[in-house]
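What follows is model-v2.pdb (PDB, C-alpha atoms).
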ATOM      1  CA  MET A 760     -42.087-143.907 175.997
ATOM      2  CA  LYS A 761     -44.446-143.028 173.164
ATOM      3  CA  ILE A 762     -45.352-144.834 169.966
ATOM      4  CA  LYS A 763     -46.045-143.433 166.498
ATOM      5  CA  TYR A 764     -46.767-145.065 163.161
ATOM      6  CA  PHE A 765     -45.264-144.146 159.798
ATOM      7  CA  ASN A 766     -45.566-145.338 156.224
ATOM      8  CA  GLU A 767     -42.591-146.295 154.074
ATOM      9  CA  PHE A 768     -42.179-142.662 152.982
ATOM     10  CA  ASN A 769     -41.779-141.534 156.627
ATOM     11  CA  ASN A 770     -45.202-139.879 156.727
ATOM     12  CA  GLU A 771     -47.002-140.253 160.059
ATOM     13  CA  LEU A 772     -50.208-142.304 159.916
ATOM     14  CA  THR A 773     -53.541-141.630 161.553
ATOM     15  CA  ASN A 774     -55.423-144.407 163.364
ATOM     16  CA  ASN A 775     -57.647-144.952 160.343
ATOM     17  CA  GLN A 776     -54.652-145.128 158.031
ATOM     18  CA  ILE A 777     -52.945-147.676 160.291
ATOM     19  CA  ASN A 778     -56.003-149.925 160.171
ATOM     20  CA  ASN A 779     -55.968-149.786 156.371
ATOM     21  CA  SER A 780     -52.205-150.322 155.978
ATOM     22  CA  ILE A 781     -50.359-153.603 155.577
ATOM     23  CA  ASN A 782     -46.858-152.087 155.337
ATOM     24  CA  TYR A 783     -45.793-149.564 157.993
ATOM     25  CA  TYR A 784     -43.354-148.783 160.802
ATOM     26  CA  LYS A 785     -44.220-148.824 164.495
ATOM     27  CA  VAL A 786     -41.712-146.456 166.106
ATOM     28  CA  TYR A 787     -40.866-146.174 169.812
ATOM     29  CA  PHE A 788     -39.550-142.843 171.165
ATOM     30  CA  ASP A 789     -38.068-141.859 174.519
ATOM     31  CA  ILE A 790     -39.143-138.735 176.431
ATOM     32  CA  ASP A 791     -36.661-136.621 174.410
ATOM     33  CA  ASP A 792     -38.115-137.849 171.087
ATOM     34  CA  ASN A 793     -35.081-140.000 170.329
ATOM     35  CA  ILE A 794     -35.931-143.175 168.427
ATOM     36  CA  LEU A 795     -35.419-146.301 170.512
ATOM     37  CA  CYS A 796     -36.718-148.955 168.167
ATOM     38  CA  LYS A 797     -38.617-149.438 164.911
ATOM     39  CA  GLU A 798     -40.729-152.439 164.025
ATOM     40  CA  TYR A 799     -41.395-152.919 160.324
ATOM     41  CA  ILE A 800     -44.741-154.520 159.573
ATOM     42  CA  LYS A 801     -44.808-156.083 156.098
ATOM     43  CA  ASN A 802     -48.007-157.551 154.685
ATOM     44  CA  GLY A 803     -49.525-157.269 158.150
ATOM     45  CA  THR A 804     -46.772-159.322 159.834
ATOM     46  CA  LEU A 805     -43.701-158.270 161.831
ATOM     47  CA  PHE A 806     -40.809-158.503 159.347
ATOM     48  CA  SER A 807     -37.887-156.750 161.057
ATOM     49  CA  ILE A 808     -36.838-154.899 164.198
ATOM     50  CA  HIS A 809     -34.468-151.923 164.100
ATOM     51  CA  HIS A 810     -32.957-151.288 167.532
ATOM     52  CA  PHE A 811     -30.885-148.149 168.133
ATOM     53  CA  LEU A 812     -28.198-149.231 170.579
ATOM     54  CA  ASN A 813     -27.176-146.813 173.314
ATOM     55  CA  LYS A 814     -23.873-146.828 175.172
ATOM     56  CA  ASN A 815     -25.350-148.579 178.218
ATOM     57  CA  GLU A 816     -26.699-151.563 176.275
ATOM     58  CA  ASN A 817     -25.029-154.843 175.380
ATOM     59  CA  GLU A 818     -25.591-155.897 171.792
ATOM     60  CA  ASN A 819     -25.584-159.644 172.492
ATOM     61  CA  GLU A 820     -28.145-159.263 175.256
ATOM     62  CA  ILE A 821     -30.399-157.180 173.015
ATOM     63  CA  ILE A 822     -30.186-159.806 170.254
ATOM     64  CA  ASP A 823     -31.023-162.605 172.696
ATOM     65  CA  ASN A 824     -34.039-160.727 174.053
ATOM     66  CA  LEU A 825     -35.385-159.658 170.666
ATOM     67  CA  SER A 826     -34.866-163.101 169.129
ATOM     68  CA  LEU A 827     -37.017-164.630 171.848
ATOM     69  CA  SER A 828     -39.912-162.347 170.953
ATOM     70  CA  ALA A 829     -40.005-163.021 167.202
ATOM     71  CA  PRO A 830     -37.957-164.906 164.548
ATOM     72  CA  VAL A 831     -37.364-161.852 162.362
ATOM     73  CA  TYR A 832     -34.508-159.820 160.913
ATOM     74  CA  ILE A 833     -32.937-157.701 163.649
ATOM     75  CA  TYR A 834     -30.956-154.557 162.858
ATOM     76  CA  ILE A 835     -28.705-153.256 165.616
ATOM     77  CA  ILE A 836     -27.860-149.654 164.806
ATOM     78  CA  THR A 837     -25.145-147.466 166.293
ATOM     79  CA  SER A 838     -24.404-143.927 165.161
ATOM     80  CA  GLU A 839     -21.997-141.044 165.497
ATOM     81  CA  ILE A 840     -21.882-137.480 164.172
ATOM     82  CA  ILE A 841     -18.967-136.587 161.890
ATOM     83  CA  ASN A 842     -18.677-133.034 160.534
ATOM     84  CA  GLY A 843     -22.418-132.550 160.865
ATOM     85  CA  ASN A 844     -23.251-135.813 159.085
ATOM     86  CA  ARG A 845     -24.605-138.908 160.823
ATOM     87  CA  LEU A 846     -22.751-142.178 160.259
ATOM     88  CA  GLU A 847     -24.764-145.301 161.093
ATOM     89  CA  LEU A 848     -23.539-148.883 161.386
ATOM     90  CA  TYR A 849     -26.093-151.637 160.797
ATOM     91  CA  ASN A 850     -25.402-155.118 162.172
ATOM     92  CA  ILE A 851     -28.042-157.440 160.725
ATOM     93  CA  TYR A 852     -29.007-160.673 162.495
ATOM     94  CA  LYS A 853     -31.221-163.623 161.686
ATOM     95  CA  GLU A 854     -31.858-166.320 164.303
ATOM     96  CA  ASN A 855     -29.165-164.833 166.611
ATOM     97  CA  LYS A 856     -26.541-164.972 163.846
ATOM     98  CA  LEU A 857     -24.836-161.948 162.301
ATOM     99  CA  ILE A 858     -25.476-162.351 158.568
ATOM    100  CA  ARG A 859     -24.215-159.033 157.179
ATOM    101  CA  TYR A 860     -23.461-155.448 158.061
ATOM    102  CA  SER A 861     -23.421-152.108 156.319
ATOM    103  CA  LYS A 862     -22.808-148.406 156.877
ATOM    104  CA  LYS A 863     -24.846-145.376 155.856
ATOM    105  CA  LEU A 864     -23.924-141.723 155.930
ATOM    106  CA  TYR A 865     -26.748-139.153 156.212
ATOM    107  CA  ASP A 866     -26.748-135.415 155.639
ATOM    108  CA  HIS A 867     -28.578-133.032 157.999
ATOM    109  CA  PHE A 868     -31.745-133.339 155.874
ATOM    110  CA  GLU A 869     -31.788-137.115 156.548
ATOM    111  CA  ASN A 870     -30.809-137.926 152.963
ATOM    112  CA  VAL A 871     -28.502-140.917 152.503
ATOM    113  CA  ILE A 872     -25.159-139.663 151.144
ATOM    114  CA  CYS A 873     -23.488-143.065 151.005
ATOM    115  CA  ASP A 874     -24.748-146.628 151.396
ATOM    116  CA  ILE A 875     -21.990-149.239 151.618
ATOM    117  CA  PRO A 876     -22.355-152.957 152.458
ATOM    118  CA  TYR A 877     -19.480-155.113 153.715
ATOM    119  CA  PHE A 878     -18.337-158.667 153.125
ATOM    120  CA  LEU A 879     -18.735-160.397 156.471
ATOM    121  CA  GLU A 880     -15.984-162.952 155.801
ATOM    122  CA  THR A 881     -13.274-160.409 154.969
ATOM    123  CA  ASN A 882     -14.559-157.291 156.750
ATOM    124  CA  THR A 883     -14.040-155.336 153.513
ATOM    125  CA  PRO A 884     -16.412-153.049 151.589
ATOM    126  CA  ASP A 885     -18.481-154.395 148.720
ATOM    127  CA  TYR A 886     -17.826-151.524 146.335
ATOM    128  CA  VAL A 887     -19.925-152.989 143.528
ATOM    129  CA  LEU A 888     -23.056-152.563 145.686
ATOM    130  CA  THR A 889     -21.984-149.184 147.086
ATOM    131  CA  THR A 890     -23.978-146.109 146.062
ATOM    132  CA  LYS A 891     -23.515-142.416 146.787
ATOM    133  CA  TYR A 892     -26.093-139.661 146.341
ATOM    134  CA  TYR A 893     -26.291-135.893 146.240
ATOM    135  CA  TYR A 894     -29.585-134.074 146.899
ATOM    136  CA  ASP A 895     -30.640-130.454 146.507
ATOM    137  CA  LYS A 896     -34.202-129.237 147.115
ATOM    138  CA  GLU A 897     -33.563-126.111 145.055
ATOM    139  CA  LYS A 898     -33.103-128.007 141.773
ATOM    140  CA  GLU A 899     -36.192-128.108 139.582
ATOM    141  CA  PHE A 900     -35.892-131.818 138.871
ATOM    142  CA  VAL A 901     -38.407-134.633 139.105
ATOM    143  CA  SER A 902     -37.002-135.359 142.582
ATOM    144  CA  ASP A 903     -34.493-133.767 144.969
ATOM    145  CA  LEU A 904     -31.854-136.256 143.774
ATOM    146  CA  VAL A 905     -29.256-134.347 141.737
ATOM    147  CA  PHE A 906     -26.895-137.220 140.983
ATOM    148  CA  ARG A 907     -26.368-140.877 141.829
ATOM    149  CA  VAL A 908     -23.004-142.665 141.716
ATOM    150  CA  SER A 909     -21.949-146.313 141.413
ATOM    151  CA  TYR A 910     -18.513-147.901 141.615
ATOM    152  CA  ASP A 911     -16.342-150.700 140.284
ATOM    153  CA  HIS A 912     -14.987-153.591 142.384
ATOM    154  CA  ASP A 913     -11.877-151.589 143.369
ATOM    155  CA  GLY A 914     -13.857-148.560 144.529
ATOM    156  CA  SER A 915     -13.141-146.458 141.460
ATOM    157  CA  LEU A 916     -15.902-144.508 139.734
ATOM    158  CA  LEU A 917     -18.106-146.581 137.451
ATOM    159  CA  SER A 918     -20.885-144.124 136.631
ATOM    160  CA  LEU A 919     -22.192-140.776 137.822
ATOM    161  CA  THR A 920     -25.628-139.865 136.513
ATOM    162  CA  TYR A 921     -26.722-136.240 136.814
ATOM    163  CA  ASN A 922     -30.502-135.784 137.150
ATOM    164  CA  PRO A 923     -30.983-139.592 137.186
ATOM    165  CA  GLU A 924     -34.782-139.395 137.517
ATOM    166  CA  GLY A 925     -35.032-137.074 134.531
ATOM    167  CA  GLU A 926     -35.020-139.845 131.907
ATOM    168  CA  GLN A 927     -34.154-138.017 128.659
ATOM    169  CA  ASP A 928     -32.553-135.140 130.601
ATOM    170  CA  SER A 929     -30.054-137.285 132.541
ATOM    171  CA  GLU A 930     -26.339-136.890 131.827
ATOM    172  CA  GLY A 931     -23.280-139.032 132.587
ATOM    173  CA  PHE A 932     -19.996-137.767 134.043
ATOM    174  CA  GLY A 933     -16.551-139.273 134.631
ATOM    175  CA  ASP A 934     -13.727-138.482 137.040
ATOM    176  CA  THR A 935     -11.709-136.153 134.820
ATOM    177  CA  GLU A 936     -10.771-132.685 136.063
ATOM    178  CA  GLU A 937     -13.033-131.215 133.348
ATOM    179  CA  ASP A 938     -16.032-133.230 134.547
ATOM    180  CA  ILE A 939     -15.338-132.370 138.176
ATOM    181  CA  ALA A 940     -15.205-128.668 137.317
ATOM    182  CA  GLU A 941     -18.449-128.891 135.303
ATOM    183  CA  LEU A 942     -20.253-130.706 138.120
ATOM    184  CA  ALA A 943     -19.033-128.089 140.593
ATOM    185  CA  SER A 944     -20.470-125.399 138.329
ATOM    186  CA  LEU A 945     -23.799-127.212 137.874
ATOM    187  CA  THR A 946     -24.269-127.832 141.601
ATOM    188  CA  GLY A 947     -22.728-124.670 143.017
ATOM    189  CA  LYS A 948     -20.469-126.814 145.209
ATOM    190  CA  SER A 949     -16.668-126.847 145.482
ATOM    191  CA  GLU A 950     -14.504-129.202 143.445
ATOM    192  CA  ASN A 951     -13.349-130.803 146.714
ATOM    193  CA  PHE A 952     -17.013-131.585 147.484
ATOM    194  CA  ILE A 953     -17.420-133.227 144.073
ATOM    195  CA  ARG A 954     -14.228-135.263 144.527
ATOM    196  CA  TYR A 955     -15.828-137.061 147.495
ATOM    197  CA  TYR A 956     -18.071-138.775 144.951
ATOM    198  CA  MET A 957     -15.221-139.871 142.681
ATOM    199  CA  ASN A 958     -14.411-142.928 144.839
ATOM    200  CA  ALA A 959     -16.437-145.289 147.039
ATOM    201  CA  ASP A 960     -14.897-144.419 150.417
ATOM    202  CA  ILE A 961     -17.598-143.443 152.913
ATOM    203  CA  LEU A 962     -15.312-141.031 154.784
ATOM    204  CA  PRO A 963     -14.444-138.236 154.887
ATOM    205  CA  PRO A 964     -17.956-136.852 154.499
ATOM    206  CA  PRO A 965     -18.443-134.027 152.002
ATOM    207  CA  THR A 966     -18.099-130.372 152.942
ATOM    208  CA  ASN A 967     -19.094-127.325 150.955
TER     209      ASN A 967
END

Written form, structure tokens:
Amino acid sequence: MKIKYFNEFNNELTNNQINNSINYYKVYFDIDDNILCKEYIKNGTLFSIHHFLNKNENENEIIDNLSLSAPVYIYIITSEIINGNRLELYNIYKENKLIRYSKKLYDHFENVICDIPYFLETNTPDYVLTTKYYYDKEKEFVSDLVFRVSYDHDGSLLSLTYNPEGEQDSEGFGDTEEDIAELASLTGKSENFIRYYMNADILPPPTN
């Protein structure tokens, strides 16, 4: 096992930087450089533990062991690869109790494509708090984020903002066939790719 330290922007820290940081991640890796666990230090104090569950581990046992070490938020994370995208499930515990869970879909550049929380009581998605994103490093925008999407309570499109970090240069789109075609032209992606963003469902993941 080896340990590395990263800031909140996923940049690795030197020893001097660690000593001068109050917010950072302490990350544990196995011999194949797979992440085993992350500890988030906030204001100099352990705030949360992110444990990546493998198939040989029992979630309840992990929660019991981690809860004994520190009364913090514990994230138990499982993942699978779907069409080249990584789907992660986050079960979030506090004091041994599951308090909420969510799912995130990542592209192969580690960008979050979709972030969707769930109502614990009903096991249904909270579409109002669901967000989807599309990134492209080739766009000459303020950031790599090309558009950001939010949804209504039924999962239908609420707003799609193209170049959302561009302030005066941002532009809104709807779910009409004309808007879908224009977005496909602006991004160089297929209309089927754009349609993934027209509703809040996390799957299927987008293809070209």

For region 791-807 of chain A, find every residue with an atom within 9 Å (counting only C-alpha atoms), except residues of its own chain fewer than 3 positions away, and show them as a list in words.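 Close residues of region 791-807 of chain A: Met760, Lys761, Ser780, Ile781, Asn782, Tyr783, Tyr784, Lys785, Val786, Tyr787, Phe788, His810, Phe811, Leu812, Asn813, Ala829, Pro830, Val831, Tyr832, Ile833 and Tyr834 of chain A.
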
Starting from the PyMOL selection byres ((chain A and resi 871-883) around 7), expand the selection into actual residues of this file and give them as a ChimeraX atom specification. /A:859-866,869-870,884-885,888-893,961

Mind listing as a PyMOL selection string all residues within 12 Å of (-30.3, -133.3, 140.7), counting all atoms listed in the file? chain A and resi 892-908+919-926+928-930+942+945-947

Please produce a file of those selected residues containing C-alpha atoms, as a tab-separated table (two decimals), in the frame of the given file.
chain	number	residue	atom	x	y	z
A	892	TYR	CA	-26.09	-139.66	146.34
A	893	TYR	CA	-26.29	-135.89	146.24
A	894	TYR	CA	-29.58	-134.07	146.90
A	895	ASP	CA	-30.64	-130.45	146.51
A	896	LYS	CA	-34.20	-129.24	147.12
A	897	GLU	CA	-33.56	-126.11	145.06
A	898	LYS	CA	-33.10	-128.01	141.77
A	899	GLU	CA	-36.19	-128.11	139.58
A	900	PHE	CA	-35.89	-131.82	138.87
A	901	VAL	CA	-38.41	-134.63	139.10
A	902	SER	CA	-37.00	-135.36	142.58
A	903	ASP	CA	-34.49	-133.77	144.97
A	904	LEU	CA	-31.85	-136.26	143.77
A	905	VAL	CA	-29.26	-134.35	141.74
A	906	PHE	CA	-26.90	-137.22	140.98
A	907	ARG	CA	-26.37	-140.88	141.83
A	908	VAL	CA	-23.00	-142.66	141.72
A	919	LEU	CA	-22.19	-140.78	137.82
A	920	THR	CA	-25.63	-139.86	136.51
A	921	TYR	CA	-26.72	-136.24	136.81
A	922	ASN	CA	-30.50	-135.78	137.15
A	923	PRO	CA	-30.98	-139.59	137.19
A	924	GLU	CA	-34.78	-139.40	137.52
A	925	GLY	CA	-35.03	-137.07	134.53
A	926	GLU	CA	-35.02	-139.84	131.91
A	928	ASP	CA	-32.55	-135.14	130.60
A	929	SER	CA	-30.05	-137.28	132.54
A	930	GLU	CA	-26.34	-136.89	131.83
A	942	LEU	CA	-20.25	-130.71	138.12
A	945	LEU	CA	-23.80	-127.21	137.87
A	946	THR	CA	-24.27	-127.83	141.60
A	947	GLY	CA	-22.73	-124.67	143.02

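Distance-wise, CA of Glu767 (chain A) and CA of His809 (chain A) end up 14.1 Å apart.
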
Interatomic distance (Å, one decimal) between CA of His867 (chain A) and CA of Ile939 (chain A):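 Separating CA of His867 (chain A) from CA of Ile939 (chain A) is a distance of 23.8 Å.
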
Pick the closest to Thr935 (chain A) from A:Lys814, A:Ser949, A:Asn855, A:Arg954: which is it, counting all atoms listed in the file? A:Arg954

Would you please work out which residue, of A:Gly933, A:Gly843, A:Thr773, A:Ser918, is nearest to Pro964 (chain A) when using all atoms listed in the file?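 For Pro964 (chain A), the nearest of the given residues is A:Gly843.
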
Coordinates-based distance that separates CA of Lys948 (chain A) from CA of Leu917 (chain A) (Å, one decimal):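 Between these atoms lies a distance of 21.4 Å.
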
Sel. within 10 Å of pt (-16.3, -152.5, 143.4), counting all atoms listed in the file, output as a PyMOL selection string: chain A and resi 884-889+909-917+958-959

Residue selection dump (C-alpha atoms) as a compact mmCIF listing (two decimals), keeping the file's coordinate frame:
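Generated output (again_2.txt):
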# COMPACT_ATOMS: atom_id res chain seq x y z
CA PRO A 884 -16.41 -153.05 151.59
CA ASP A 885 -18.48 -154.40 148.72
CA TYR A 886 -17.83 -151.52 146.34
CA VAL A 887 -19.92 -152.99 143.53
CA LEU A 888 -23.06 -152.56 145.69
CA THR A 889 -21.98 -149.18 147.09
CA SER A 909 -21.95 -146.31 141.41
CA TYR A 910 -18.51 -147.90 141.62
CA ASP A 911 -16.34 -150.70 140.28
CA HIS A 912 -14.99 -153.59 142.38
CA ASP A 913 -11.88 -151.59 143.37
CA GLY A 914 -13.86 -148.56 144.53
CA SER A 915 -13.14 -146.46 141.46
CA LEU A 916 -15.90 -144.51 139.73
CA LEU A 917 -18.11 -146.58 137.45
CA ASN A 958 -14.41 -142.93 144.84
CA ALA A 959 -16.44 -145.29 147.04
